[in-house]
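Asker: Before anything else, here's the structure in question.
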Amino acid sequence: MSNAPVDHGRRRFLTIATSVVGGVGAIGAAVPFIASWSPSERARQAGAAVTVDVSKMEEGQLIRVEWRGKPVWIVKRTQEMIDSLPDHENRLRDPESKEPQQPHYAQNRHRSVRPEFFVAVGICTHFGCSPTYLPNEFAAQAEGVRSGFFCPCHGSRFDIAGRVFQNVPAPTNLEVPPYMYTDEFVIMIGEDEETA
């Protein structure tokens, strides 16, 4: 054993430095461990619900979100759009939405929980193309109908409730995913009251 005097300053420095390095190491090990509890990107795309705040949407606006790797549209319909829905039902293939392309709570004329917000998977039911939203120019595709969705790939047409017109390649209405409102202006896509 050495009889040299103990350097308390150096000992304190080494103790603090060792504690800091150990703390950083513990945090470095904990972060990946805790992160592993979160679902992976693949798991999120496989079915995790997506929430969307629609409080700032303007009338006639369409926003797109992704759910299960698919584009989902949310359209804030104007009152004029809602009022026009019965005007062309005699030209639609499935005006009453009898085909199971939507949850039962969206099996109505406007195909939604609330008439002003339309939620649909933005994929044509013919070959999987993505139709174009035409809020004011749809009459060029369907005479007398101001708003709707047109698939330029093969000419399928859908009204502003996603209902398919007759004599087009698409066999069914646009799909409405399961969804619910978690508060007045927040929509959760991928879950509804029955599955939550």
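Letters A, B, ... mark the chains of the structure tokens in the order given; residue numbers begin at 1 per chain; ligand numbers begin at 1, in order shown.
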Neighbouring residues of Phe118 (chain A) were defined as those with any atom within 9 Å, considering only C-alpha atoms; residues of the same chain fewer than 3 positions away were excluded. Please report them as a list in words.

Answerer: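 So the residues in contact are Trp73, Ile74, Val75, Lys76, Arg77, His110, Arg111, Ser112, Val113, Arg114, Pro115, Ile160, Ala161, Gly162 and Val176 of chain A.
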
Asker: Enumerate, in order of chain and increasing residue number, the residues of region 46-100 of chain A with an atom no farther than 12 Å from region 123-126 of chain A, each with its shortest atom pair and distance in Å to one decimal, counting only C-alpha atoms, as CSV.

Answerer:
residue,atom,partner,partner_atom,distance
A:Arg64,CA,A:Ile123,CA,11.8
A:Glu66,CA,A:Ile123,CA,11.9
A:Gly69,CA,A:Ile123,CA,11.4
A:Lys70,CA,A:Ile123,CA,7.8
A:Pro71,CA,A:Ile123,CA,7.3
A:Val72,CA,A:Ile123,CA,8.4
A:Trp73,CA,A:Ile123,CA,9.6

Asker: Go ahead and save the picked residues with N, CA, C and O atoms, as an mmCIF file, in the first residue's frame.

Answerer:
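Written output follows (result02.cif):
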data_model
loop_
_atom_site.group_PDB
_atom_site.id
_atom_site.type_symbol
_atom_site.label_atom_id
_atom_site.label_comp_id
_atom_site.auth_asym_id
_atom_site.auth_seq_id
_atom_site.Cartn_x
_atom_site.Cartn_y
_atom_site.Cartn_z
ATOM 1 N N ARG A 64 -56.385 13.996 -47.765
ATOM 2 C CA ARG A 64 -56.021 12.588 -47.901
ATOM 3 C C ARG A 64 -55.170 12.172 -46.713
ATOM 4 O O ARG A 64 -54.277 12.900 -46.307
ATOM 5 N N GLU A 66 -53.411 8.309 -44.937
ATOM 6 C CA GLU A 66 -53.113 6.919 -45.275
ATOM 7 C C GLU A 66 -53.522 6.021 -44.131
ATOM 8 O O GLU A 66 -53.246 6.292 -42.965
ATOM 9 N N GLY A 69 -52.015 1.427 -45.649
ATOM 10 C CA GLY A 69 -51.351 1.567 -46.936
ATOM 11 C C GLY A 69 -52.254 2.058 -48.049
ATOM 12 O O GLY A 69 -51.856 2.085 -49.210
ATOM 13 N N LYS A 70 -53.472 2.462 -47.721
ATOM 14 C CA LYS A 70 -54.431 2.939 -48.727
ATOM 15 C C LYS A 70 -54.698 4.424 -48.522
ATOM 16 O O LYS A 70 -54.708 4.900 -47.389
ATOM 17 N N PRO A 71 -54.988 5.145 -49.615
ATOM 18 C CA PRO A 71 -55.396 6.539 -49.447
ATOM 19 C C PRO A 71 -56.849 6.601 -48.969
ATOM 20 O O PRO A 71 -57.708 5.910 -49.499
ATOM 21 N N VAL A 72 -57.078 7.389 -47.963
ATOM 22 C CA VAL A 72 -58.439 7.607 -47.471
ATOM 23 C C VAL A 72 -58.756 9.083 -47.649
ATOM 24 O O VAL A 72 -57.967 9.947 -47.278
ATOM 25 N N TRP A 73 -59.899 9.355 -48.260
ATOM 26 C CA TRP A 73 -60.345 10.729 -48.491
ATOM 27 C C TRP A 73 -61.329 11.134 -47.406
ATOM 28 O O TRP A 73 -62.169 10.350 -46.983
#

Asker: What's the 10 Å shell around Pro100 (chain A), counting only C-alpha atoms, without same-chain residues fewer than 2 positions away, as a list in words?

Answerer: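 Near Pro100 (chain A), the qualifying residues are Ser97, Lys98, Gln102, Pro103, His104, Gln107, Thr172, Asn173, Glu175 and Val176 of chain A.
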
Asker: Nearest to Pro178 (chain A): which of A:Phe165, A:Tyr105, A:Phe127, A:Phe117 is it, counting only C-alpha atoms?

Answerer: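 Between A:Phe165, A:Tyr105, A:Phe127, A:Phe117, the residue approaching Pro178 (chain A) most closely is A:Tyr105.
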
Asker: What are the DSSP alpha helix (DSSP H) residues of chain A, as a ChimeraX atom specification?

Answerer: /A:8-35,41-47,79-84

Asker: Write a file of the selected residues as a PDB file, in the first residue's frame, keeping C-alpha atoms.

Answerer:
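That gives us part36.pdb:
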ATOM      1  CA  HIS A   8     -10.062  13.855  -2.905  1.00  0.00           C
ATOM      2  CA  GLY A   9     -10.663  16.197  -5.878  1.00  0.00           C
ATOM      3  CA  ARG A  10      -9.501  13.594  -8.349  1.00  0.00           C
ATOM      4  CA  ARG A  11     -11.521  10.869  -6.615  1.00  0.00           C
ATOM      5  CA  ARG A  12     -14.665  13.074  -6.734  1.00  0.00           C
ATOM      6  CA  PHE A  13     -14.070  13.810 -10.448  1.00  0.00           C
ATOM      7  CA  LEU A  14     -13.681  10.101 -11.281  1.00  0.00           C
ATOM      8  CA  THR A  15     -16.815   9.214  -9.297  1.00  0.00           C
ATOM      9  CA  ILE A  16     -18.877  11.891 -11.096  1.00  0.00           C
ATOM     10  CA  ALA A  17     -17.454  10.988 -14.532  1.00  0.00           C
ATOM     11  CA  THR A  18     -18.152   7.291 -13.976  1.00  0.00           C
ATOM     12  CA  SER A  19     -21.721   8.056 -12.840  1.00  0.00           C
ATOM     13  CA  VAL A  20     -22.369  10.241 -15.905  1.00  0.00           C
ATOM     14  CA  VAL A  21     -20.998   7.611 -18.312  1.00  0.00           C
ATOM     15  CA  GLY A  22     -23.042   4.913 -16.554  1.00  0.00           C
ATOM     16  CA  GLY A  23     -26.201   7.065 -16.718  1.00  0.00           C
ATOM     17  CA  VAL A  24     -25.714   7.740 -20.431  1.00  0.00           C
ATOM     18  CA  GLY A  25     -25.186   4.015 -20.994  1.00  0.00           C
ATOM     19  CA  ALA A  26     -28.363   3.151 -19.067  1.00  0.00           C
ATOM     20  CA  ILE A  27     -30.377   5.672 -21.108  1.00  0.00           C
ATOM     21  CA  GLY A  28     -28.796   4.377 -24.304  1.00  0.00           C
ATOM     22  CA  ALA A  29     -29.910   0.854 -23.440  1.00  0.00           C
ATOM     23  CA  ALA A  30     -33.378   1.912 -22.236  1.00  0.00           C
ATOM     24  CA  VAL A  31     -34.370   3.938 -25.321  1.00  0.00           C
ATOM     25  CA  PRO A  32     -34.299   1.029 -27.813  1.00  0.00           C
ATOM     26  CA  PHE A  33     -35.938  -1.235 -25.243  1.00  0.00           C
ATOM     27  CA  ILE A  34     -38.833   1.183 -24.688  1.00  0.00           C
ATOM     28  CA  ALA A  35     -39.069   1.926 -28.419  1.00  0.00           C
ATOM     29  CA  GLU A  41     -44.324   0.723 -39.173  1.00  0.00           C
ATOM     30  CA  ARG A  42     -45.466  -2.527 -40.772  1.00  0.00           C
ATOM     31  CA  ALA A  43     -47.863  -3.171 -37.881  1.00  0.00           C
ATOM     32  CA  ARG A  44     -49.219   0.378 -38.080  1.00  0.00           C
ATOM     33  CA  GLN A  45     -49.893  -0.036 -41.792  1.00  0.00           C
ATOM     34  CA  ALA A  46     -51.462  -3.419 -41.144  1.00  0.00           C
ATOM     35  CA  GLY A  47     -54.301  -1.941 -39.196  1.00  0.00           C
ATOM     36  CA  GLN A  79     -75.002  21.881 -48.190  1.00  0.00           C
ATOM     37  CA  GLU A  80     -75.539  22.083 -51.957  1.00  0.00           C
ATOM     38  CA  MET A  81     -73.627  18.802 -52.406  1.00  0.00           C
ATOM     39  CA  ILE A  82     -75.727  17.109 -49.728  1.00  0.00           C
ATOM     40  CA  ASP A  83     -78.992  18.450 -51.158  1.00  0.00           C
ATOM     41  CA  SER A  84     -78.107  17.200 -54.663  1.00  0.00           C
TER      42      SER A  84
END

Asker: What lies within 12 Å of Asn167 (chain A) using only C-alpha atoms, ignoring chain neighbours under 5 positions off, as a list of chain:residue names?

Answerer: A:Arg91, A:Leu92, A:Arg93, A:Asp94, A:Ala142, A:His154, A:Gly155, A:Ser156, A:Arg157, A:Phe158, A:Thr172
